[in-house]
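Data from target-v4.cif: mmCIF, all heavy atoms
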data_structure
#
loop_
_atom_site.label_atom_id
_atom_site.label_comp_id
_atom_site.auth_asym_id
_atom_site.auth_seq_id
_atom_site.Cartn_x
_atom_site.Cartn_y
_atom_site.Cartn_z
N MET A 1 0.83 -1.18 0.00
CA MET A 1 0.00 0.00 0.00
C MET A 1 0.88 1.25 0.00
O MET A 1 1.82 1.36 0.77
CB MET A 1 -0.91 -0.01 1.22
CG MET A 1 -1.84 1.17 1.27
SD MET A 1 -2.98 0.97 2.65
CE MET A 1 -4.17 2.17 2.17
N GLU A 2 0.56 2.16 -0.88
CA GLU A 2 1.36 3.37 -0.99
C GLU A 2 1.01 4.36 0.11
O GLU A 2 -0.13 4.45 0.54
CB GLU A 2 1.15 3.97 -2.38
CG GLU A 2 1.80 3.10 -3.43
CD GLU A 2 1.25 3.29 -4.81
OE1 GLU A 2 0.04 3.48 -4.96
OE2 GLU A 2 2.03 3.24 -5.74
N LYS A 3 2.02 5.08 0.56
CA LYS A 3 1.88 5.97 1.70
C LYS A 3 1.92 7.43 1.25
O LYS A 3 2.28 7.74 0.13
CB LYS A 3 3.02 5.72 2.69
CG LYS A 3 3.07 4.30 3.20
CD LYS A 3 4.33 4.09 4.02
CE LYS A 3 4.48 2.63 4.41
NZ LYS A 3 5.77 2.39 5.07
N LYS A 4 1.58 8.30 2.21
CA LYS A 4 1.64 9.74 1.98
C LYS A 4 2.47 10.37 3.09
O LYS A 4 2.44 9.92 4.23
CB LYS A 4 0.24 10.35 1.97
CG LYS A 4 -0.62 9.86 0.83
CD LYS A 4 -2.01 10.43 0.90
CE LYS A 4 -2.83 9.82 -0.24
NZ LYS A 4 -4.24 10.07 -0.09
N PHE A 5 3.23 11.40 2.71
CA PHE A 5 4.09 12.09 3.66
C PHE A 5 3.84 13.59 3.52
O PHE A 5 3.73 14.09 2.40
CB PHE A 5 5.56 11.77 3.38
CG PHE A 5 5.89 10.33 3.63
CD1 PHE A 5 5.62 9.36 2.68
CD2 PHE A 5 6.44 9.93 4.83
CE1 PHE A 5 5.90 8.02 2.92
CE2 PHE A 5 6.73 8.60 5.09
CZ PHE A 5 6.46 7.65 4.13
N GLU A 6 3.76 14.27 4.66
CA GLU A 6 3.48 15.70 4.64
C GLU A 6 4.67 16.50 5.13
O GLU A 6 5.30 16.15 6.13
CB GLU A 6 2.27 15.99 5.53
CG GLU A 6 1.82 17.44 5.49
CD GLU A 6 0.52 17.64 6.21
OE1 GLU A 6 -0.54 17.42 5.59
OE2 GLU A 6 0.55 18.00 7.40
N CYS A 7 4.96 17.59 4.42
CA CYS A 7 6.03 18.49 4.83
C CYS A 7 5.60 19.21 6.10
O CYS A 7 4.52 19.80 6.16
CB CYS A 7 6.32 19.49 3.71
SG CYS A 7 7.59 20.70 4.13
N ASP A 8 6.44 19.15 7.12
CA ASP A 8 6.12 19.78 8.41
C ASP A 8 6.16 21.31 8.32
O ASP A 8 5.63 21.99 9.19
CB ASP A 8 7.10 19.32 9.49
CG ASP A 8 6.99 17.82 9.76
OD1 ASP A 8 5.91 17.25 9.56
OD2 ASP A 8 8.01 17.23 10.17
N VAL A 9 6.76 21.84 7.27
CA VAL A 9 6.90 23.29 7.13
C VAL A 9 5.73 23.90 6.36
O VAL A 9 5.11 24.86 6.82
CB VAL A 9 8.25 23.64 6.47
CG1 VAL A 9 8.37 25.13 6.22
CG2 VAL A 9 9.40 23.14 7.32
N CYS A 10 5.41 23.33 5.19
CA CYS A 10 4.40 23.96 4.33
C CYS A 10 3.15 23.12 4.08
O CYS A 10 2.24 23.55 3.39
CB CYS A 10 5.02 24.34 3.00
SG CYS A 10 5.34 22.95 1.90
N SER A 11 3.11 21.88 4.58
CA SER A 11 1.97 20.97 4.45
C SER A 11 1.81 20.35 3.06
O SER A 11 0.80 19.72 2.77
CB SER A 11 0.66 21.64 4.86
OG SER A 11 0.74 22.04 6.21
N TYR A 12 2.83 20.49 2.18
CA TYR A 12 2.80 19.77 0.90
C TYR A 12 2.76 18.28 1.20
O TYR A 12 3.44 17.80 2.10
CB TYR A 12 4.05 20.10 0.08
CG TYR A 12 4.29 19.16 -1.08
CD1 TYR A 12 3.61 19.31 -2.28
CD2 TYR A 12 5.19 18.09 -0.97
CE1 TYR A 12 3.82 18.45 -3.34
CE2 TYR A 12 5.41 17.23 -2.02
CZ TYR A 12 4.71 17.40 -3.21
OH TYR A 12 4.92 16.53 -4.25
N ARG A 13 1.96 17.53 0.44
CA ARG A 13 1.89 16.08 0.63
C ARG A 13 2.52 15.35 -0.55
O ARG A 13 2.14 15.55 -1.70
CB ARG A 13 0.44 15.64 0.79
CG ARG A 13 -0.10 16.00 2.14
CD ARG A 13 -1.35 15.23 2.45
NE ARG A 13 -1.77 15.58 3.80
CZ ARG A 13 -2.74 14.96 4.43
NH1 ARG A 13 -3.38 13.97 3.85
NH2 ARG A 13 -3.06 15.31 5.64
N TYR A 14 3.49 14.50 -0.22
CA TYR A 14 4.06 13.61 -1.21
C TYR A 14 3.27 12.32 -1.15
O TYR A 14 3.20 11.65 -0.11
CB TYR A 14 5.55 13.31 -0.93
CG TYR A 14 6.09 12.29 -1.90
CD1 TYR A 14 6.41 12.67 -3.20
CD2 TYR A 14 6.23 10.96 -1.55
CE1 TYR A 14 6.87 11.73 -4.12
CE2 TYR A 14 6.68 10.02 -2.46
CZ TYR A 14 6.99 10.41 -3.74
OH TYR A 14 7.42 9.48 -4.65
N ASP A 15 2.65 11.97 -2.26
CA ASP A 15 1.84 10.75 -2.37
C ASP A 15 2.64 9.77 -3.23
O ASP A 15 2.93 10.06 -4.40
CB ASP A 15 0.51 11.09 -3.03
CG ASP A 15 -0.46 9.93 -3.10
OD1 ASP A 15 -0.01 8.76 -3.10
OD2 ASP A 15 -1.67 10.19 -3.17
N GLU A 16 3.01 8.64 -2.65
CA GLU A 16 3.81 7.65 -3.38
C GLU A 16 3.11 7.20 -4.66
O GLU A 16 3.77 6.92 -5.65
CB GLU A 16 4.11 6.46 -2.49
CG GLU A 16 5.02 6.80 -1.33
CD GLU A 16 5.32 5.62 -0.42
OE1 GLU A 16 4.55 4.62 -0.42
OE2 GLU A 16 6.32 5.69 0.31
N ALA A 17 1.79 7.15 -4.66
CA ALA A 17 1.05 6.73 -5.84
C ALA A 17 1.22 7.71 -6.99
O ALA A 17 1.22 7.33 -8.16
CB ALA A 17 -0.44 6.57 -5.50
N LEU A 18 1.39 8.99 -6.67
CA LEU A 18 1.51 10.03 -7.69
C LEU A 18 2.95 10.38 -8.04
O LEU A 18 3.21 10.88 -9.13
CB LEU A 18 0.79 11.30 -7.22
CG LEU A 18 -0.70 11.15 -6.89
CD1 LEU A 18 -1.25 12.46 -6.35
CD2 LEU A 18 -1.48 10.68 -8.10
N GLY A 19 3.87 10.15 -7.10
CA GLY A 19 5.26 10.54 -7.31
C GLY A 19 5.39 12.05 -7.37
O GLY A 19 4.56 12.79 -6.84
N ASP A 20 6.39 12.52 -8.06
CA ASP A 20 6.65 13.95 -8.25
C ASP A 20 7.18 14.13 -9.66
O ASP A 20 8.35 14.45 -9.87
CB ASP A 20 7.66 14.45 -7.19
CG ASP A 20 7.93 15.94 -7.27
OD1 ASP A 20 7.17 16.65 -7.95
OD2 ASP A 20 8.91 16.38 -6.66
N PRO A 21 6.32 13.88 -10.67
CA PRO A 21 6.78 13.86 -12.05
C PRO A 21 7.42 15.17 -12.52
O PRO A 21 8.32 15.15 -13.37
CB PRO A 21 5.53 13.52 -12.86
CG PRO A 21 4.39 13.75 -11.95
CD PRO A 21 4.91 13.60 -10.55
N GLU A 22 7.01 16.29 -11.96
CA GLU A 22 7.60 17.57 -12.36
C GLU A 22 9.07 17.66 -11.97
O GLU A 22 9.82 18.46 -12.53
CB GLU A 22 6.83 18.72 -11.73
CG GLU A 22 5.42 18.87 -12.28
CD GLU A 22 4.62 19.94 -11.57
OE1 GLU A 22 5.14 20.61 -10.67
OE2 GLU A 22 3.44 20.11 -11.95
N ASN A 23 9.48 16.82 -11.02
CA ASN A 23 10.87 16.80 -10.57
C ASN A 23 11.55 15.47 -10.85
O ASN A 23 12.52 15.10 -10.19
CB ASN A 23 10.94 17.15 -9.08
CG ASN A 23 10.52 18.59 -8.85
OD1 ASN A 23 11.18 19.51 -9.29
ND2 ASN A 23 9.40 18.79 -8.17
N GLY A 24 11.01 14.71 -11.81
CA GLY A 24 11.65 13.48 -12.26
C GLY A 24 11.41 12.25 -11.39
O GLY A 24 12.12 11.26 -11.54
N ILE A 25 10.40 12.30 -10.51
CA ILE A 25 10.10 11.17 -9.64
C ILE A 25 8.86 10.45 -10.18
O ILE A 25 7.77 11.03 -10.23
CB ILE A 25 9.86 11.63 -8.18
CG1 ILE A 25 11.03 12.48 -7.66
CG2 ILE A 25 9.58 10.43 -7.28
CD1 ILE A 25 12.37 11.78 -7.64
N ALA A 26 9.04 9.20 -10.58
CA ALA A 26 7.97 8.43 -11.20
C ALA A 26 6.87 8.06 -10.21
O ALA A 26 7.10 7.94 -9.00
CB ALA A 26 8.54 7.16 -11.81
N LYS A 27 5.66 7.85 -10.75
CA LYS A 27 4.55 7.34 -9.94
C LYS A 27 4.97 6.03 -9.30
O LYS A 27 5.69 5.23 -9.90
CB LYS A 27 3.32 7.10 -10.82
CG LYS A 27 2.73 8.34 -11.40
CD LYS A 27 1.56 8.00 -12.30
CE LYS A 27 0.98 9.26 -12.92
NZ LYS A 27 -0.12 8.96 -13.83
N GLY A 28 4.54 5.82 -8.06
CA GLY A 28 4.84 4.58 -7.36
C GLY A 28 6.18 4.57 -6.65
O GLY A 28 6.56 3.56 -6.06
N THR A 29 6.91 5.69 -6.67
CA THR A 29 8.22 5.76 -5.99
C THR A 29 8.01 5.92 -4.49
O THR A 29 7.38 6.87 -4.04
CB THR A 29 9.06 6.94 -6.52
OG1 THR A 29 9.25 6.77 -7.92
CG2 THR A 29 10.40 7.01 -5.82
N ALA A 30 8.53 4.95 -3.73
CA ALA A 30 8.41 4.99 -2.27
C ALA A 30 9.20 6.18 -1.72
O ALA A 30 10.24 6.55 -2.27
CB ALA A 30 8.94 3.70 -1.65
N PHE A 31 8.70 6.77 -0.65
CA PHE A 31 9.36 7.93 -0.05
C PHE A 31 10.81 7.61 0.30
O PHE A 31 11.71 8.41 0.04
CB PHE A 31 8.59 8.39 1.20
CG PHE A 31 9.09 9.68 1.77
CD1 PHE A 31 8.76 10.89 1.19
CD2 PHE A 31 9.90 9.70 2.89
CE1 PHE A 31 9.23 12.09 1.69
CE2 PHE A 31 10.37 10.89 3.41
CZ PHE A 31 10.03 12.09 2.81
N GLU A 32 11.05 6.43 0.86
CA GLU A 32 12.42 6.07 1.25
C GLU A 32 13.34 5.88 0.04
O GLU A 32 14.56 5.89 0.19
CB GLU A 32 12.45 4.84 2.16
CG GLU A 32 11.88 3.59 1.53
CD GLU A 32 10.42 3.33 1.89
OE1 GLU A 32 9.74 4.21 2.42
OE2 GLU A 32 9.97 2.20 1.61
N ASP A 33 12.75 5.72 -1.15
CA ASP A 33 13.55 5.56 -2.37
C ASP A 33 13.82 6.88 -3.09
O ASP A 33 14.51 6.90 -4.11
CB ASP A 33 12.87 4.59 -3.33
CG ASP A 33 12.83 3.17 -2.79
OD1 ASP A 33 13.68 2.84 -1.93
OD2 ASP A 33 11.96 2.39 -3.22
N LEU A 34 13.29 7.98 -2.56
CA LEU A 34 13.58 9.28 -3.15
C LEU A 34 15.07 9.57 -3.01
O LEU A 34 15.68 9.17 -2.01
CB LEU A 34 12.78 10.38 -2.45
CG LEU A 34 11.27 10.38 -2.66
CD1 LEU A 34 10.61 11.41 -1.75
CD2 LEU A 34 10.93 10.67 -4.11
N PRO A 35 15.67 10.26 -3.97
CA PRO A 35 17.09 10.60 -3.85
C PRO A 35 17.37 11.38 -2.57
O PRO A 35 16.50 12.13 -2.09
CB PRO A 35 17.35 11.48 -5.08
CG PRO A 35 16.23 11.21 -6.02
CD PRO A 35 15.06 10.79 -5.19
N ALA A 36 18.54 11.23 -2.03
CA ALA A 36 18.91 11.90 -0.78
C ALA A 36 18.81 13.41 -0.90
O ALA A 36 18.54 14.10 0.09
CB ALA A 36 20.32 11.49 -0.37
N ASP A 37 19.00 13.92 -2.11
CA ASP A 37 18.96 15.37 -2.28
C ASP A 37 17.58 15.90 -2.71
O ASP A 37 17.42 17.08 -3.01
CB ASP A 37 20.03 15.82 -3.28
CG ASP A 37 19.83 15.24 -4.67
OD1 ASP A 37 18.97 14.35 -4.85
OD2 ASP A 37 20.54 15.68 -5.60
N TRP A 38 16.56 15.02 -2.73
CA TRP A 38 15.20 15.46 -3.07
C TRP A 38 14.72 16.43 -2.00
O TRP A 38 14.96 16.25 -0.81
CB TRP A 38 14.25 14.26 -3.16
CG TRP A 38 12.85 14.64 -3.54
CD1 TRP A 38 12.36 14.81 -4.80
CD2 TRP A 38 11.76 14.88 -2.65
NE1 TRP A 38 11.04 15.15 -4.74
CE2 TRP A 38 10.64 15.21 -3.43
CE3 TRP A 38 11.61 14.87 -1.26
CZ2 TRP A 38 9.40 15.51 -2.89
CZ3 TRP A 38 10.38 15.18 -0.72
CH2 TRP A 38 9.28 15.50 -1.52
N ARG A 39 14.04 17.47 -2.43
CA ARG A 39 13.50 18.48 -1.51
C ARG A 39 12.04 18.74 -1.82
O ARG A 39 11.57 18.48 -2.92
CB ARG A 39 14.30 19.77 -1.61
CG ARG A 39 15.71 19.63 -1.08
CD ARG A 39 16.46 20.93 -1.20
NE ARG A 39 17.69 20.89 -0.44
CZ ARG A 39 17.84 21.35 0.81
NH1 ARG A 39 16.84 21.89 1.44
NH2 ARG A 39 19.00 21.25 1.42
N CYS A 40 11.34 19.27 -0.85
CA CYS A 40 9.94 19.64 -1.03
C CYS A 40 9.84 20.58 -2.24
O CYS A 40 10.54 21.59 -2.29
CB CYS A 40 9.43 20.35 0.23
SG CYS A 40 7.72 20.93 0.06
N PRO A 41 8.97 20.25 -3.19
CA PRO A 41 8.85 21.10 -4.38
C PRO A 41 8.19 22.45 -4.10
O PRO A 41 8.25 23.35 -4.93
CB PRO A 41 8.02 20.26 -5.35
CG PRO A 41 7.31 19.26 -4.51
CD PRO A 41 8.16 19.04 -3.30
N VAL A 42 7.61 22.63 -2.92
CA VAL A 42 6.95 23.89 -2.59
C VAL A 42 7.88 24.82 -1.81
O VAL A 42 8.08 25.98 -2.17
CB VAL A 42 5.64 23.64 -1.81
CG1 VAL A 42 5.03 24.95 -1.33
CG2 VAL A 42 4.65 22.86 -2.65
N CYS A 43 8.47 24.30 -0.72
CA CYS A 43 9.26 25.18 0.15
C CYS A 43 10.75 24.82 0.22
O CYS A 43 11.50 25.46 0.93
CB CYS A 43 8.66 25.21 1.55
SG CYS A 43 8.90 23.67 2.47
N ASN A 44 11.15 23.77 -0.50
CA ASN A 44 12.56 23.37 -0.61
C ASN A 44 13.14 22.75 0.67
O ASN A 44 14.35 22.69 0.83
CB ASN A 44 13.41 24.56 -1.07
CG ASN A 44 14.67 24.12 -1.80
OD1 ASN A 44 14.65 23.14 -2.54
ND2 ASN A 44 15.75 24.82 -1.59
N GLU A 45 12.29 22.27 1.57
CA GLU A 45 12.78 21.61 2.78
C GLU A 45 13.31 20.21 2.44
O GLU A 45 12.93 19.61 1.45
CB GLU A 45 11.67 21.48 3.83
CG GLU A 45 11.52 22.67 4.71
CD GLU A 45 12.76 23.02 5.50
OE1 GLU A 45 13.54 22.13 5.91
OE2 GLU A 45 12.96 24.22 5.73
N ILE A 46 14.18 19.69 3.31
CA ILE A 46 14.77 18.38 3.12
C ILE A 46 13.81 17.26 3.54
O ILE A 46 12.81 17.51 4.24
CB ILE A 46 16.10 18.27 3.88
CG1 ILE A 46 15.89 18.53 5.38
CG2 ILE A 46 17.12 19.22 3.30
CD1 ILE A 46 17.14 18.36 6.23
N LYS A 47 14.12 16.03 3.13
CA LYS A 47 13.24 14.87 3.39
C LYS A 47 12.95 14.66 4.88
O LYS A 47 11.86 14.22 5.24
CB LYS A 47 13.88 13.60 2.85
CG LYS A 47 13.76 13.45 1.36
CD LYS A 47 14.53 12.25 0.85
CE LYS A 47 14.10 10.94 1.44
NZ LYS A 47 14.78 9.78 0.85
N SER A 48 13.90 14.97 5.74
CA SER A 48 13.70 14.72 7.17
C SER A 48 12.62 15.61 7.78
O SER A 48 12.18 15.36 8.91
CB SER A 48 15.01 14.89 7.94
OG SER A 48 15.47 16.22 7.86
N GLU A 49 12.16 16.60 7.03
CA GLU A 49 11.09 17.49 7.51
C GLU A 49 9.71 16.97 7.13
O GLU A 49 8.72 17.69 7.26
CB GLU A 49 11.29 18.91 6.97
CG GLU A 49 12.51 19.61 7.52
CD GLU A 49 12.47 19.79 9.04
OE1 GLU A 49 11.40 20.08 9.59
OE2 GLU A 49 13.53 19.61 9.67
N PHE A 50 9.63 15.73 6.66
CA PHE A 50 8.35 15.12 6.28
C PHE A 50 7.93 14.08 7.31
O PHE A 50 8.77 13.38 7.87
CB PHE A 50 8.47 14.45 4.91
CG PHE A 50 8.35 15.39 3.75
CD1 PHE A 50 9.39 16.26 3.44
CD2 PHE A 50 7.22 15.42 2.96
CE1 PHE A 50 9.32 17.12 2.37
CE2 PHE A 50 7.12 16.29 1.90
CZ PHE A 50 8.17 17.15 1.60
N THR A 51 6.62 13.98 7.54
CA THR A 51 6.05 13.02 8.45
C THR A 51 5.00 12.21 7.70
O THR A 51 4.20 12.77 6.93
CB THR A 51 5.37 13.76 9.64
OG1 THR A 51 6.34 14.60 10.26
CG2 THR A 51 4.81 12.78 10.65
N GLU A 52 4.99 10.90 7.96
CA GLU A 52 3.97 10.05 7.33
C GLU A 52 2.59 10.42 7.87
O GLU A 52 2.42 10.65 9.06
CB GLU A 52 4.26 8.57 7.60
CG GLU A 52 3.32 7.66 6.86
CD GLU A 52 3.65 6.18 7.05
OE1 GLU A 52 4.70 5.84 7.61
OE2 GLU A 52 2.82 5.36 6.61
N VAL A 53 1.61 10.49 6.95
CA VAL A 53 0.23 10.80 7.34
C VAL A 53 -0.68 9.68 6.88
O VAL A 53 -0.35 8.92 5.98
CB VAL A 53 -0.25 12.16 6.74
CG1 VAL A 53 0.52 13.31 7.37
CG2 VAL A 53 -0.11 12.20 5.25
N LYS A 54 -1.81 9.58 7.50
CA LYS A 54 -2.79 8.54 7.16
C LYS A 54 -3.77 9.01 6.13
O LYS A 54 -4.10 10.13 6.01
CB LYS A 54 -3.54 8.08 8.40
CG LYS A 54 -2.63 7.53 9.47
CD LYS A 54 -1.99 6.25 9.04
CE LYS A 54 -1.03 5.74 10.11
NZ LYS A 54 -0.24 4.66 9.70
#

Go ahead and express the file in the form of structure tokens.
Amino acid sequence: MEKKFECDVCSYRYDEALGDPENGIAKGTAFEDLPADWRCPVCNEIKSEFTEVK
């Protein structure tokens, strides 16, 4: 089951089912498989500023 993660700074939600195609991340890409240098496309925060949401 694909998960969703929310940026603690700006509330952007990364949905694994949707990926981040505008930034080269394919649909179905797990959050933990995102590149280490991936950042929030809205506020540019790092991955550690995201929390899994239900």

Inset, instruction - Rank nothing, just name the residue among A:Cys10, A:Glu16, A:Val42, A:Glu52 nearest to A:Ala30, using all heavy atoms. - result: A:Glu16

Inset, instruction - Mind giving me the straight-line distance from atom CA of A:Pro21 to atom CA of A:Leu34 in Å, one decimal? - result: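 We find that atom CA of A:Pro21 and atom CA of A:Leu34 lie 12.1 Å from each other.
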
Inset, instruction - Report the distance between atom CA of A:Gly24 and atom CD of A:Lys3 in Å, rounded to one decimal place. - result: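 Atom CD of A:Lys3 lies at a distance of 20.2 Å from atom CA of A:Gly24.
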
Legend entry - Test item, strand (DSSP E) assignment across chain A, answer as a list in words: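 Restricting chain A to strand (DSSP E) produces Lys4, Phe5, Glu6, Cys7, Arg13, Tyr14, Asp15, Phe50, Thr51, Glu52 and Val53 of chain A.
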
Legend entry - Distance of atom N of A:Glu2 from atom OD1 of A:Asn44, expressed in Å to one decimal place: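 Separation between atom OD1 of A:Asn44 and atom N of A:Glu2: 25.3 Å.
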
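Closest approach to A:Cys43 among A:Val9, A:Asp20, A:Thr29, A:Tyr14 is made by A:Val9 (distances from all heavy atoms).
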
Inset, instruction - List the residues selected by the PyMOL selection byres ((chain A and resi 8) around 5) in the file shown, writing them as a PyMOL selection string. - result: chain A and resi 6-7+9-11+48-51

Selection export as an mmCIF file, in the coordinates of the input, atoms kept: all heavy atoms:
data_model
loop_
_atom_site.group_PDB
_atom_site.id
_atom_site.type_symbol
_atom_site.label_atom_id
_atom_site.label_comp_id
_atom_site.auth_asym_id
_atom_site.auth_seq_id
_atom_site.Cartn_x
_atom_site.Cartn_y
_atom_site.Cartn_z
ATOM 1 N N GLU A 6 3.760 14.270 4.660
ATOM 2 C CA GLU A 6 3.480 15.700 4.640
ATOM 3 C C GLU A 6 4.670 16.500 5.130
ATOM 4 O O GLU A 6 5.300 16.150 6.130
ATOM 5 C CB GLU A 6 2.270 15.990 5.530
ATOM 6 C CG GLU A 6 1.820 17.440 5.490
ATOM 7 C CD GLU A 6 0.520 17.640 6.210
ATOM 8 O OE1 GLU A 6 -0.540 17.420 5.590
ATOM 9 O OE2 GLU A 6 0.550 18.000 7.400
ATOM 10 N N CYS A 7 4.960 17.590 4.420
ATOM 11 C CA CYS A 7 6.030 18.490 4.830
ATOM 12 C C CYS A 7 5.600 19.210 6.100
ATOM 13 O O CYS A 7 4.520 19.800 6.160
ATOM 14 C CB CYS A 7 6.320 19.490 3.710
ATOM 15 S SG CYS A 7 7.590 20.700 4.130
ATOM 16 N N VAL A 9 6.760 21.840 7.270
ATOM 17 C CA VAL A 9 6.900 23.290 7.130
ATOM 18 C C VAL A 9 5.730 23.900 6.360
ATOM 19 O O VAL A 9 5.110 24.860 6.820
ATOM 20 C CB VAL A 9 8.250 23.640 6.470
ATOM 21 C CG1 VAL A 9 8.370 25.130 6.220
ATOM 22 C CG2 VAL A 9 9.400 23.140 7.320
ATOM 23 N N CYS A 10 5.410 23.330 5.190
ATOM 24 C CA CYS A 10 4.400 23.960 4.330
ATOM 25 C C CYS A 10 3.150 23.120 4.080
ATOM 26 O O CYS A 10 2.240 23.550 3.390
ATOM 27 C CB CYS A 10 5.020 24.340 3.000
ATOM 28 S SG CYS A 10 5.340 22.950 1.900
ATOM 29 N N SER A 11 3.110 21.880 4.580
ATOM 30 C CA SER A 11 1.970 20.970 4.450
ATOM 31 C C SER A 11 1.810 20.350 3.060
ATOM 32 O O SER A 11 0.800 19.720 2.770
ATOM 33 C CB SER A 11 0.660 21.640 4.860
ATOM 34 O OG SER A 11 0.740 22.040 6.210
ATOM 35 N N SER A 48 13.900 14.970 5.740
ATOM 36 C CA SER A 48 13.700 14.720 7.170
ATOM 37 C C SER A 48 12.620 15.610 7.780
ATOM 38 O O SER A 48 12.180 15.360 8.910
ATOM 39 C CB SER A 48 15.010 14.890 7.940
ATOM 40 O OG SER A 48 15.470 16.220 7.860
ATOM 41 N N GLU A 49 12.160 16.600 7.030
ATOM 42 C CA GLU A 49 11.090 17.490 7.510
ATOM 43 C C GLU A 49 9.710 16.970 7.130
ATOM 44 O O GLU A 49 8.720 17.690 7.260
ATOM 45 C CB GLU A 49 11.290 18.910 6.970
ATOM 46 C CG GLU A 49 12.510 19.610 7.520
ATOM 47 C CD GLU A 49 12.470 19.790 9.040
ATOM 48 O OE1 GLU A 49 11.400 20.080 9.590
ATOM 49 O OE2 GLU A 49 13.530 19.610 9.670
ATOM 50 N N PHE A 50 9.630 15.730 6.660
ATOM 51 C CA PHE A 50 8.350 15.120 6.280
ATOM 52 C C PHE A 50 7.930 14.080 7.310
ATOM 53 O O PHE A 50 8.770 13.380 7.870
ATOM 54 C CB PHE A 50 8.470 14.450 4.910
ATOM 55 C CG PHE A 50 8.350 15.390 3.750
ATOM 56 C CD1 PHE A 50 9.390 16.260 3.440
ATOM 57 C CD2 PHE A 50 7.220 15.420 2.960
ATOM 58 C CE1 PHE A 50 9.320 17.120 2.370
ATOM 59 C CE2 PHE A 50 7.120 16.290 1.900
ATOM 60 C CZ PHE A 50 8.170 17.150 1.600
ATOM 61 N N THR A 51 6.620 13.980 7.540
ATOM 62 C CA THR A 51 6.050 13.020 8.450
ATOM 63 C C THR A 51 5.000 12.210 7.700
ATOM 64 O O THR A 51 4.200 12.770 6.930
ATOM 65 C CB THR A 51 5.370 13.760 9.640
ATOM 66 O OG1 THR A 51 6.340 14.600 10.260
ATOM 67 C CG2 THR A 51 4.810 12.780 10.650
#

Inset, instruction - Name the closest residue to A:Pro41 among the candidates A:Arg13, A:Val53, A:Ala26, A:Lys4; distances are taken between atoms, counting only C-alpha atoms. - result: A:Arg13

Inset, instruction - Give me the residues within 6 Å of A:Ala17 as a VMD selection string, counting only C-alpha atoms and dropping any in the same chain fewer than 2 places off. - result: chain A and resid 2 15 19 27 to 28

Inset, instruction - Tell me which residues the PyMOL selection byres ((chain A and resi 38) around 6) grabs here, as an MDAnalysis selection string. - result: chainID A and resid 12 14 20 23 25 31 34:37 39:41 45:47 50
